[in-house]
>>> print(open('upload.tsv').read())   # TSV, C-alpha atoms
chain	number	residue	atom	x	y	z
A	158	MET	CA	213.79	-60.30	-83.64
A	159	GLU	CA	217.54	-59.93	-83.92
A	160	GLU	CA	218.24	-62.71	-81.42
A	161	ILE	CA	217.80	-65.73	-83.64
A	162	LYS	CA	220.37	-65.39	-86.38
A	163	GLY	CA	219.40	-66.70	-89.78
A	164	ILE	CA	215.68	-67.02	-89.09
A	165	ALA	CA	215.05	-64.83	-92.12
A	166	ALA	CA	216.84	-67.41	-94.25
A	167	ILE	CA	214.62	-70.16	-92.82
A	168	GLY	CA	211.57	-68.08	-93.70
A	169	ALA	CA	212.76	-67.61	-97.26
A	170	GLY	CA	213.43	-71.34	-97.54
A	171	LEU	CA	209.91	-72.18	-96.38
A	172	ALA	CA	208.51	-69.80	-98.98
A	173	ALA	CA	210.62	-71.58	-101.60
A	174	ILE	CA	209.15	-74.94	-100.50
A	175	GLY	CA	205.67	-73.54	-101.08
A	176	ALA	CA	206.65	-72.26	-104.51
A	177	GLY	CA	208.26	-75.55	-105.43
A	178	ILE	CA	205.25	-77.63	-104.45
A	179	GLY	CA	202.80	-75.28	-106.16
A	180	ILE	CA	204.63	-74.89	-109.44
A	181	GLY	CA	205.49	-78.59	-109.50
A	182	MET	CA	201.83	-79.52	-109.23
A	183	ILE	CA	200.88	-77.01	-111.91
A	184	GLY	CA	203.54	-78.32	-114.25
A	185	GLY	CA	202.59	-81.91	-113.64
A	186	LYS	CA	198.91	-81.35	-114.31
A	187	ALA	CA	199.75	-79.31	-117.39
A	188	LEU	CA	201.91	-82.12	-118.78
A	189	GLU	CA	199.18	-84.67	-118.11
A	190	ALA	CA	196.65	-82.50	-119.90
A	191	MET	CA	198.99	-81.96	-122.84
A	192	ALA	CA	199.53	-85.71	-123.09
A	193	ARG	CA	195.80	-86.32	-123.19
A	194	GLN	CA	195.06	-83.64	-125.82
A	195	PRO	CA	198.16	-82.61	-127.78
A	196	GLU	CA	196.19	-80.36	-130.09
A	197	HIS	CA	195.48	-77.92	-127.25
A	198	SER	CA	199.09	-77.73	-126.03
A	199	GLY	CA	199.38	-74.02	-126.79
A	200	MET	CA	196.41	-73.01	-124.66
A	201	ILE	CA	197.43	-75.32	-121.82
A	202	GLN	CA	200.97	-73.92	-121.85
A	203	THR	CA	199.71	-70.33	-121.72
A	204	ASN	CA	197.47	-71.05	-118.75
A	205	MET	CA	200.26	-72.96	-117.03
A	206	PHE	CA	202.48	-69.88	-117.22
A	207	ILE	CA	199.74	-67.67	-115.81
A	208	ALA	CA	199.10	-69.98	-112.87
A	209	ALA	CA	202.81	-70.49	-112.21
A	210	ALA	CA	203.41	-66.73	-112.16
A	211	LEU	CA	200.59	-66.22	-109.67
A	212	VAL	CA	201.90	-68.95	-107.36
A	213	GLU	CA	205.43	-67.64	-107.64
A	214	GLY	CA	204.20	-64.13	-106.84
A	215	VAL	CA	202.84	-65.34	-103.51
A	216	ALA	CA	206.09	-67.13	-102.68
A	217	LEU	CA	208.04	-64.02	-103.54
A	218	PHE	CA	206.00	-62.06	-100.99
A	219	GLY	CA	207.64	-64.32	-98.42
A	220	VAL	CA	211.08	-63.82	-99.91
A	221	VAL	CA	210.70	-60.04	-99.88
A	222	VAL	CA	209.69	-60.07	-96.21
A	223	ALA	CA	212.71	-62.27	-95.46
A	224	LEU	CA	214.99	-59.89	-97.36
A	225	MET	CA	213.67	-56.95	-95.37
A	226	GLN	CA	214.22	-58.73	-92.07
A	227	GLY	CA	217.67	-60.17	-92.55
B	212	MET	CA	236.77	-90.53	-130.35
B	213	LYS	CA	235.76	-92.49	-127.29
B	214	LYS	CA	239.21	-92.03	-125.79
B	215	THR	CA	239.09	-88.25	-126.10
B	216	ILE	CA	235.70	-88.20	-124.41
B	217	TYR	CA	237.04	-90.26	-121.54
B	218	LYS	CA	240.05	-87.95	-121.25
B	219	LEU	CA	237.78	-84.91	-121.20
B	220	ILE	CA	235.55	-86.42	-118.53
B	221	PHE	CA	238.56	-87.34	-116.40
B	222	ALA	CA	240.09	-83.87	-116.72
B	223	SER	CA	236.86	-82.09	-115.85
B	224	LEU	CA	236.26	-84.37	-112.87
B	225	LEU	CA	239.76	-83.58	-111.61
B	226	LEU	CA	239.08	-79.88	-112.02
B	227	LEU	CA	235.70	-79.95	-110.35
B	228	LEU	CA	236.60	-82.23	-107.47
B	229	SER	CA	239.84	-80.51	-106.46
B	230	PRO	CA	238.37	-77.86	-104.09
B	231	PRO	CA	237.54	-80.23	-101.21
B	232	THR	CA	241.16	-81.34	-101.03
B	233	VAL	CA	242.29	-77.73	-100.80
B	234	PHE	CA	239.85	-76.99	-98.01
B	235	ALA	CA	241.15	-79.99	-96.06
B	236	GLU	CA	244.38	-78.03	-95.55
B	237	ARG	CA	242.79	-75.23	-93.51
B	238	GLU	CA	243.48	-75.56	-89.80
B	239	THR	CA	240.91	-73.37	-88.11
B	240	PRO	CA	238.28	-71.01	-89.58
B	241	ASN	CA	239.32	-67.53	-88.57
B	242	GLU	CA	236.88	-64.91	-87.37
B	243	GLU	CA	237.66	-62.37	-90.09
B	244	SER	CA	236.49	-64.47	-93.02
B	245	PHE	CA	235.28	-62.47	-95.95
B	246	ASN	CA	231.65	-61.37	-95.77
B	247	PRO	CA	230.30	-60.84	-99.28
B	248	THR	CA	226.95	-59.35	-98.24
B	249	PRO	CA	227.83	-55.62	-98.33
B	250	LYS	CA	229.44	-55.95	-101.76
B	251	ILE	CA	226.47	-57.86	-103.15
B	252	LEU	CA	224.01	-55.32	-101.80
B	253	HIS	CA	226.13	-52.50	-103.19
B	254	HIS	CA	225.97	-54.01	-106.67
B	255	ILE	CA	222.20	-54.34	-106.58
B	256	GLN	CA	221.37	-50.88	-105.29
B	257	ASP	CA	221.22	-47.59	-107.07
B	258	SER	CA	224.16	-45.21	-106.73
B	259	TYR	CA	225.22	-41.73	-107.73
B	260	GLU	CA	228.12	-42.89	-109.88
B	261	TRP	CA	228.45	-45.67	-112.42
B	262	HIS	CA	231.12	-48.00	-111.06
B	263	LEU	CA	232.80	-49.92	-113.87
B	264	TRP	CA	235.65	-51.91	-112.35
B	265	GLY	CA	238.28	-51.45	-109.66
B	266	ASP	CA	238.56	-47.74	-109.00
B	267	ILE	CA	237.14	-46.60	-112.34
B	268	SER	CA	233.69	-45.09	-112.11
B	269	ILE	CA	231.78	-42.64	-114.26
B	270	PRO	CA	230.46	-39.76	-112.13
B	271	LEU	CA	226.86	-38.85	-112.78
B	272	PRO	CA	225.19	-35.45	-112.33
B	273	VAL	CA	223.43	-34.74	-109.06
B	274	ILE	CA	220.46	-32.42	-109.54
B	275	LEU	CA	218.84	-31.01	-106.43
B	276	TYR	CA	216.14	-28.40	-106.10
B	277	ALA	CA	216.30	-26.45	-102.84
B	278	GLU	CA	215.03	-23.03	-101.81
B	279	GLY	CA	213.88	-22.06	-105.27
B	280	SER	CA	217.02	-22.87	-107.23
B	281	PHE	CA	218.69	-25.88	-108.77
B	282	ASP	CA	222.00	-27.20	-107.45
B	283	VAL	CA	223.70	-29.21	-110.18
B	284	PHE	CA	227.08	-30.82	-109.67
B	285	MET	CA	228.87	-34.03	-110.54
B	286	SER	CA	228.83	-36.77	-107.95
B	287	SER	CA	232.63	-36.95	-108.06
B	288	GLU	CA	232.62	-33.88	-105.79
B	289	PHE	CA	231.46	-36.13	-102.99
B	290	HIS	CA	234.71	-38.16	-103.29
B	291	HIS	CA	232.96	-41.37	-102.26
B	292	GLY	CA	231.37	-39.81	-99.22
B	293	LYS	CA	234.51	-38.23	-97.85
B	294	SER	CA	233.81	-34.58	-98.59
B	295	LYS	CA	230.80	-32.31	-98.37
B	296	VAL	CA	229.52	-30.13	-101.18
B	297	VAL	CA	228.70	-26.54	-100.37
B	298	LYS	CA	226.36	-24.62	-102.67
B	299	GLY	CA	225.35	-21.23	-101.33
B	300	ASP	CA	224.28	-21.88	-97.77
B	301	ARG	CA	223.40	-25.52	-98.30
B	302	ILE	CA	225.82	-28.25	-97.32
B	303	TYR	CA	225.24	-31.70	-98.78
B	304	LYS	CA	226.90	-34.96	-97.88
B	305	ILE	CA	226.29	-38.63	-98.61
B	306	ASP	CA	225.10	-40.71	-95.69
B	307	HIS	CA	224.50	-44.40	-96.36
B	308	HIS	CA	223.79	-43.91	-100.07
B	309	HIS	CA	221.43	-40.97	-99.37
B	310	ILE	CA	222.09	-37.30	-99.88
B	311	VAL	CA	221.37	-35.34	-96.71
B	312	GLU	CA	221.56	-31.65	-96.07
B	313	GLU	CA	223.39	-30.63	-92.94
B	314	ASN	CA	220.82	-28.16	-91.60
B	315	ASN	CA	217.92	-30.51	-92.47
B	316	LYS	CA	216.66	-28.22	-95.20
B	317	GLU	CA	214.10	-29.64	-97.59
B	318	PHE	CA	215.21	-30.41	-101.10
B	319	ILE	CA	213.90	-32.37	-104.05
B	320	ASN	CA	216.33	-34.91	-105.44
B	321	ILE	CA	216.00	-35.41	-109.19
B	322	SER	CA	219.54	-36.53	-109.94
B	323	ILE	CA	220.59	-38.73	-112.80
B	324	THR	CA	221.52	-41.83	-110.83
B	325	LYS	CA	222.83	-45.09	-112.28
B	326	ASN	CA	219.32	-46.48	-112.75
B	327	VAL	CA	218.11	-43.32	-114.47
B	328	ALA	CA	221.09	-43.31	-116.82
B	329	SER	CA	220.54	-46.99	-117.61
B	330	MET	CA	216.86	-46.38	-118.27
B	331	LEU	CA	217.72	-43.52	-120.64
B	332	LEU	CA	220.15	-45.80	-122.46
B	333	ALA	CA	217.52	-48.55	-122.71
B	334	VAL	CA	214.94	-46.08	-124.03
B	335	LEU	CA	217.41	-44.84	-126.67
B	336	ILE	CA	218.17	-48.40	-127.78
B	337	LEU	CA	214.47	-49.29	-127.89
B	338	PHE	CA	213.59	-46.12	-129.80
B	339	PHE	CA	216.15	-46.60	-132.55
B	340	VAL	CA	215.66	-50.35	-132.93
B	341	LEU	CA	211.87	-50.25	-133.00
B	342	ARG	CA	211.80	-47.20	-135.26
B	343	LYS	CA	214.06	-48.94	-137.75
B	344	THR	CA	211.77	-51.98	-137.64
B	345	ALA	CA	208.69	-49.84	-138.20
B	346	THR	CA	210.11	-47.88	-141.13
B	347	ASN	CA	211.45	-51.05	-142.73
B	348	TYR	CA	208.03	-52.62	-142.36
B	349	LYS	CA	206.33	-49.66	-143.94
B	350	ASN	CA	208.72	-49.02	-146.82
B	351	LYS	CA	210.35	-52.25	-147.93
B	352	LYS	CA	208.20	-54.92	-149.47
B	353	GLU	CA	210.67	-57.78	-149.23
B	354	ALA	CA	211.14	-60.38	-146.51
B	355	PRO	CA	212.55	-58.89	-143.29
B	356	LYS	CA	216.17	-59.48	-142.35
B	357	GLY	CA	218.30	-58.78	-139.35
B	358	ILE	CA	216.85	-57.19	-136.24
B	359	GLN	CA	213.50	-56.79	-137.95
B	360	ALA	CA	213.25	-60.56	-138.47
B	361	PHE	CA	213.71	-61.03	-134.74
B	362	LEU	CA	211.34	-58.30	-133.60
B	363	GLU	CA	208.42	-58.68	-135.98
B	364	PRO	CA	207.30	-62.14	-134.75
B	365	LEU	CA	207.76	-60.92	-131.18
B	366	ILE	CA	205.59	-57.85	-131.79
B	367	LEU	CA	202.93	-59.95	-133.50
B	368	PHE	CA	203.06	-62.46	-130.65
B	369	VAL	CA	202.49	-59.71	-128.09
B	370	ARG	CA	199.67	-58.21	-130.11
B	371	ASP	CA	197.83	-61.40	-130.96
B	372	ASP	CA	198.38	-63.79	-128.09
B	373	ILE	CA	198.63	-61.36	-125.22
B	374	ILE	CA	196.64	-58.25	-126.06
B	375	LYS	CA	193.97	-59.29	-128.54
B	376	SER	CA	193.05	-62.58	-126.93
B	377	ASN	CA	192.70	-61.12	-123.43
B	378	ILE	CA	191.09	-57.77	-124.02
B	379	GLY	CA	188.85	-58.63	-126.93
B	380	PRO	CA	187.25	-56.07	-129.25
B	381	LYS	CA	188.56	-52.94	-127.52
B	382	HIS	CA	192.21	-53.87	-127.63
B	383	LYS	CA	193.34	-51.02	-129.88
B	384	LYS	CA	193.18	-48.45	-127.08
B	385	PHE	CA	195.54	-50.39	-124.85
B	386	THR	CA	197.99	-51.78	-127.37
B	387	MET	CA	200.30	-48.79	-127.07
B	388	PHE	CA	200.71	-49.08	-123.30
B	389	LEU	CA	201.04	-52.85	-123.21
B	390	MET	CA	203.57	-53.00	-126.03
B	391	THR	CA	205.63	-50.29	-124.35
B	392	VAL	CA	205.53	-52.08	-121.02
B	393	PHE	CA	206.55	-55.39	-122.59
B	394	PHE	CA	209.54	-54.03	-124.47
B	395	PHE	CA	210.60	-51.72	-121.65
B	396	ILE	CA	210.68	-54.55	-119.12
B	397	LEU	CA	212.33	-56.90	-121.61
B	398	ILE	CA	215.15	-54.56	-122.59
B	399	ASN	CA	215.82	-53.51	-118.99
B	400	ASN	CA	215.86	-57.12	-117.79
B	401	LEU	CA	218.29	-58.08	-120.54
B	402	LEU	CA	220.50	-55.02	-120.04
B	403	GLY	CA	220.67	-55.76	-116.32
B	404	LEU	CA	222.37	-59.05	-117.09
B	405	THR	CA	225.29	-57.45	-118.95
B	406	PRO	CA	228.54	-56.74	-117.05
B	407	GLY	CA	228.65	-53.46	-115.20
B	408	ALA	CA	224.95	-52.88	-115.68
B	409	ALA	CA	222.44	-51.18	-113.44
B	410	ASN	CA	219.68	-53.15	-111.77
B	411	VAL	CA	216.73	-51.20	-113.16
B	412	THR	CA	213.75	-53.57	-113.00
B	413	GLY	CA	215.04	-54.86	-109.69
B	414	ASN	CA	214.41	-51.42	-108.23
B	415	ILE	CA	211.10	-51.40	-106.46
B	416	SER	CA	210.41	-47.77	-107.40
B	417	VAL	CA	210.55	-48.64	-111.09
B	418	THR	CA	208.22	-51.62	-110.77
B	419	PHE	CA	205.96	-49.55	-108.51
B	420	VAL	CA	205.53	-46.96	-111.26
B	421	LEU	CA	204.88	-49.63	-113.89
B	422	SER	CA	202.19	-51.30	-111.81
B	423	MET	CA	200.77	-47.89	-110.93
B	424	PHE	CA	200.30	-47.22	-114.65
B	425	THR	CA	198.39	-50.50	-114.93
B	426	PHE	CA	196.28	-49.63	-111.89
B	427	VAL	CA	195.41	-46.16	-113.22
B	428	ILE	CA	194.55	-47.52	-116.66
B	429	ILE	CA	192.32	-50.20	-115.16
B	430	THR	CA	190.56	-47.72	-112.90
B	431	ILE	CA	190.00	-45.14	-115.62
B	432	SER	CA	188.76	-47.50	-118.28
B	433	ALA	CA	186.65	-49.78	-116.11
B	434	ASN	CA	183.02	-49.86	-117.06
B	435	LYS	CA	180.01	-50.20	-114.80
B	436	GLY	CA	179.98	-53.97	-115.02
B	437	TYR	CA	183.42	-54.11	-113.38
B	438	TRP	CA	182.35	-52.12	-110.33
B	439	LYS	CA	179.10	-54.05	-110.11
B	440	HIS	CA	181.08	-57.28	-110.08
B	441	ILE	CA	183.15	-55.99	-107.18
B	442	ILE	CA	180.13	-55.00	-105.14
B	443	LYS	CA	178.24	-58.14	-106.00
B	444	PRO	CA	180.20	-60.91	-107.71
B	445	PRO	CA	177.79	-62.87	-109.89
B	446	GLY	CA	176.52	-66.02	-108.34
B	447	THR	CA	177.25	-65.33	-104.67
B	448	PRO	CA	174.48	-65.86	-102.12
B	449	THR	CA	173.53	-62.65	-100.32
B	450	ALA	CA	174.64	-63.99	-96.96
B	451	LEU	CA	178.25	-64.06	-98.12
B	452	LEU	CA	178.27	-60.44	-99.32
B	453	PRO	CA	179.68	-58.89	-96.08
B	454	ILE	CA	182.90	-60.86	-96.53
B	455	MET	CA	183.00	-60.83	-100.32
B	456	ILE	CA	182.91	-57.04	-100.65
B	457	PRO	CA	186.01	-56.33	-98.47
B	458	ILE	CA	187.86	-59.18	-100.17
B	459	GLU	CA	187.02	-57.85	-103.63
B	460	ILE	CA	187.97	-54.28	-102.68
B	461	PHE	CA	191.20	-55.58	-101.21
B	462	GLY	CA	191.73	-57.53	-104.43
B	463	VAL	CA	191.58	-54.33	-106.49
B	464	PHE	CA	194.76	-53.19	-104.76
B	465	THR	CA	196.59	-56.46	-104.32
B	466	LYS	CA	196.59	-57.30	-108.02
B	467	PRO	CA	198.86	-54.40	-109.09
B	468	PHE	CA	200.81	-54.83	-105.84
B	469	ALA	CA	201.52	-58.43	-106.78
B	470	LEU	CA	202.62	-57.31	-110.25
B	471	MET	CA	205.13	-54.96	-108.65
B	472	ILE	CA	206.49	-57.48	-106.15
B	473	ARG	CA	206.69	-60.31	-108.67
B	474	LEU	CA	208.89	-58.42	-111.14
B	475	PHE	CA	211.05	-56.84	-108.44
B	476	ALA	CA	211.68	-60.06	-106.50
B	477	ASN	CA	212.33	-62.23	-109.56
B	478	ILE	CA	214.93	-59.91	-111.06
B	479	THR	CA	216.60	-58.99	-107.76
B	480	ALA	CA	216.73	-62.62	-106.64
B	481	GLY	CA	218.35	-63.58	-109.93
B	482	HIS	CA	221.01	-60.92	-109.57
B	483	ILE	CA	221.67	-61.87	-105.94
B	484	ILE	CA	222.13	-65.53	-106.94
B	485	ILE	CA	224.62	-64.63	-109.67
B	486	PHE	CA	226.58	-62.32	-107.34
B	487	SER	CA	226.58	-64.89	-104.54
B	488	LEU	CA	227.92	-67.61	-106.80
B	489	ILE	CA	230.69	-65.32	-108.03
B	490	SER	CA	231.55	-64.31	-104.47
B	491	LEU	CA	232.00	-68.02	-103.70
B	492	ILE	CA	235.42	-67.49	-105.24
B	493	PHE	CA	236.15	-64.60	-102.91
B	494	VAL	CA	234.85	-66.42	-99.87
B	495	ALA	CA	236.95	-69.49	-100.70
B	496	SER	CA	240.09	-67.44	-101.23
B	497	ASN	CA	239.28	-65.23	-98.22
B	498	ASN	CA	239.50	-62.08	-100.32
B	499	GLY	CA	242.83	-62.83	-101.90
B	500	GLU	CA	244.77	-64.63	-99.17
B	501	ASN	CA	244.34	-68.22	-100.27
B	502	VAL	CA	245.01	-68.00	-104.01
B	503	VAL	CA	245.03	-71.76	-104.62
B	504	ALA	CA	241.61	-72.24	-103.07
B	505	GLY	CA	240.26	-69.34	-105.09
B	506	TRP	CA	241.55	-70.72	-108.38
B	507	SER	CA	240.20	-74.19	-107.67
B	508	VAL	CA	236.70	-73.00	-106.81
B	509	ALA	CA	236.62	-70.84	-109.95
B	510	PRO	CA	235.59	-73.60	-112.46
B	511	ILE	CA	232.65	-74.75	-110.33
B	512	SER	CA	231.56	-71.20	-109.65
B	513	THR	CA	231.79	-70.23	-113.31
B	514	LEU	CA	229.79	-73.26	-114.41
B	515	PHE	CA	227.05	-72.53	-111.90
B	516	VAL	CA	227.03	-68.87	-112.90
B	517	LEU	CA	226.71	-69.84	-116.57
B	518	PHE	CA	223.80	-72.11	-115.76
B	519	ILE	CA	222.06	-69.44	-113.72
B	520	PHE	CA	222.68	-66.87	-116.48
B	521	LEU	CA	220.82	-69.04	-118.99
B	522	ILE	CA	217.94	-69.36	-116.55
B	523	GLU	CA	218.00	-65.59	-116.00
B	524	ILE	CA	217.69	-64.93	-119.73
B	525	LEU	CA	214.61	-67.13	-119.71
B	526	VAL	CA	213.34	-65.29	-116.62
B	527	ALA	CA	213.89	-61.94	-118.36
B	528	PHE	CA	211.57	-62.92	-121.21
B	529	LEU	CA	209.15	-64.71	-118.91
B	530	GLN	CA	208.75	-61.81	-116.47
B	531	ALA	CA	208.14	-59.33	-119.28
B	532	TYR	CA	205.58	-61.74	-120.73
B	533	ILE	CA	203.88	-62.34	-117.38
B	534	PHE	CA	203.67	-58.65	-116.48
B	535	THR	CA	202.15	-57.78	-119.85
B	536	LEU	CA	199.87	-60.82	-119.80
B	537	LEU	CA	198.50	-60.13	-116.33
B	538	SER	CA	198.04	-56.44	-117.13
B	539	ALA	CA	196.13	-57.44	-120.27
B	540	VAL	CA	194.00	-59.91	-118.29
B	541	PHE	CA	193.12	-57.28	-115.66
B	542	ILE	CA	192.34	-54.69	-118.32
B	543	GLY	CA	190.24	-57.25	-120.16
B	544	LEU	CA	188.30	-57.93	-116.98
B	545	ALA	CA	187.71	-54.22	-116.55
B	546	VAL	CA	186.37	-53.53	-120.04
B	547	LYS	CA	184.52	-56.77	-120.55
B	548	GLU	CA	180.99	-56.45	-121.83
B	549	ASP	CA	178.42	-58.52	-120.00
B	550	HIS	CA	176.85	-61.06	-122.27
>>> encode(input="upload.tsv", output="structure tokens")
Amino acid sequence: MEEIKGIAAIGAGLAAIGAGIGIGMIGGKALEAMARQPEHSGMIQTNMFIAAALVEGVALFGVVVALMQG
Amino acid sequence: MKKTIYKLIFASLLLLLSPPTVFAERETPNEESFNPTPKILHHIQDSYEWHLWGDISIPLPVILYAEGSFDVFMSSEFHHGKSKVVKGDRIYKIDHHHIVEENNKEFINISITKNVASMLLAVLILFFVLRKTATNYKNKKEAPKGIQAFLEPLILFVRDDIIKSNIGPKHKKFTMFLMTVFFFILINNLLGLTPGAANVTGNISVTFVLSMFTFVIITISANKGYWKHIIKPPGTPTALLPIMIPIEIFGVFTKPFALMIRLFANITAGHIIIFSLISLIFVASNNGENVVAGWSVAPISTLFVLFIFLIEILVAFLQAYIFTLLSAVFIGLAVKEDH
């Protein structure tokens, strides 16, 4: 485990890719929905934050494991 | 007007693009280049004294309970780990940020560390500010001004959009806890961004306790429908039950666990990013040797740090909001009446 230097950083970077893709998709769909129905922007924004926090939580699991390793 | 803008752009480009030319002067990278990791980790962790700057630190009381009596002394007696403290027949010393007793005797450590002192300060601030808001709301009949004008919409936002809309009719029982959690996390996140501050919400013990409160409240106030939904989620075919039940039971524990990890990792990652960008200056100047390189990296580093600080202020509000929101959603799920 200690042989490959910096593998923890690669793990954290992969987790960040997952977070980026997930939150990007959530944001994009939320913007599309807000453009279709501007009167419901508040509700869409609230649900976007909830979903983004859940996705980011999973990515941060990966970051925490990387922090513990390296 | 246009000319001054062009001059400004030219000057800032010169300033920002000068570092690469300085680095071109270095002949070979030497083996003893400055490693910022220990310093960064030291700034994020808890400690027994409050380090302000340079050699100035405020010593904090160390309170230990061993063999039926309390040992109270200031952490300055440790002299940064160089000397041991002898109380009766117990000898204490600091080993890698932990207090150990030489003869491996058991003791309970309830000292006032940097995080505890920062939490006490945050609680004092919160108490006085919110109390002033409450008494002004009760007594004065005019439009609110000052800190009350900032806090009242925030309190109403938390009550209406987070608590009422997620818990439903029984929200009055849980408003106290959720409001406290929101403002506690918010003020500790914001205080952690000030210079010389302690990293309270980035301490996994603190977030563990907060999510443990949520877990206990959910478990105590859950009605029968909640447990029935775990044993048999509505709408699942019976053949799937053997896998659904372990997953649902597992889910009861992973939801507060995710709350804890989310807050801890967001705040700690933010602080690590800010410290790493500032230590760019130290890495470039090799801890003081190459002054010109250090000074030329400083504008870029400061700009990045400013940008990240603004994001971190947003993250402070957002993480407090998300923690409270998810706690309210879980509590709402637990007390929901079946229609």
>>> interface_residues(input="upload.tsv", of="chain A", to="chain B", cutoff="9 Å", atoms="all atoms listed in the file", output="PDB file with C-alpha atoms, in the coordinates of the input")
ATOM      1  CA  PHE A 206     202.480 -69.880-117.220  1.00  0.00           C
ATOM      2  CA  ILE A 207     199.740 -67.670-115.810  1.00  0.00           C
ATOM      3  CA  ALA A 210     203.410 -66.730-112.160  1.00  0.00           C
ATOM      4  CA  LEU A 211     200.590 -66.220-109.670  1.00  0.00           C
ATOM      5  CA  GLU A 213     205.430 -67.640-107.640  1.00  0.00           C
ATOM      6  CA  GLY A 214     204.200 -64.130-106.840  1.00  0.00           C
ATOM      7  CA  VAL A 215     202.840 -65.340-103.510  1.00  0.00           C
ATOM      8  CA  LEU A 217     208.040 -64.020-103.540  1.00  0.00           C
ATOM      9  CA  PHE A 218     206.000 -62.060-100.990  1.00  0.00           C
ATOM     10  CA  VAL A 220     211.080 -63.820 -99.910  1.00  0.00           C
ATOM     11  CA  VAL A 221     210.700 -60.040 -99.880  1.00  0.00           C
TER      12      VAL A 221
END
>>> atom_distance(input="upload.tsv", atom1="atom CA of B:Ile269", atom2="atom CA of B:Val340")
25.8 Å
>>> atom_distance(input="upload.tsv", atom1="atom CA of B:Ile255", atom2="atom CA of B:Phe528")
20.0 Å
>>> residues_around(input="upload.tsv", residues="stretch 163-174 of chain A", least_positions_apart="2", cutoff="7 Å", atoms="all atoms listed in the file", output="count of residues only")
10
>>> closest_residue(input="upload.tsv", among="B:Glu278, B:Glu459, B:Asp300, B:Glu353", to="B:Phe318", atoms="all atoms listed in the file")
B:Glu278
>>> closest_residue(input="upload.tsv", among="A:Lys162, A:Gly175, A:Val222, A:Ala190", to="A:Gln202", atoms="only C-alpha atoms")
A:Ala190
>>> atom_distance(input="upload.tsv", atom1="atom CA of B:Ile358", atom2="atom CA of B:Leu337")
11.7 Å
>>> residues_around(input="upload.tsv", residues="A:Asn204", least_positions_apart="5", cutoff="9 Å", atoms="all atoms listed in the file", output="list in words")
Ala187, Gly199 and Ala209 of chain A
>>> write_last_selection(input="upload.tsv", atoms="C-alpha atoms", output="CSV table (one decimal), keeping the file's coordinate frame")
chain,number,residue,atom,x,y,z
A,187,ALA,CA,199.8,-79.3,-117.4
A,199,GLY,CA,199.4,-74.0,-126.8
A,209,ALA,CA,202.8,-70.5,-112.2
>>> residues_around(input="upload.tsv", residues="A:Leu188", least_positions_apart="6", cutoff="12 Å", atoms="only C-alpha atoms", output="list in words")
Gly181, Met182, Gln194, Pro195, His197, Ser198, Gly199, Ile201, Gln202, Asn204 and Met205 of chain A
>>> closest_residue(input="upload.tsv", among="A:Lys186, A:Glu196, A:Thr203, A:Met225", to="B:Ser376", atoms="only C-alpha atoms")
A:Thr203
>>> residues_near_point(input="upload.tsv", point="(221.9, -39.9, -114.5)", cutoff="12 Å", atoms="only C-alpha atoms", output="ChimeraX atom specification")
/B:257-261,269-274,283-286,320-332,409
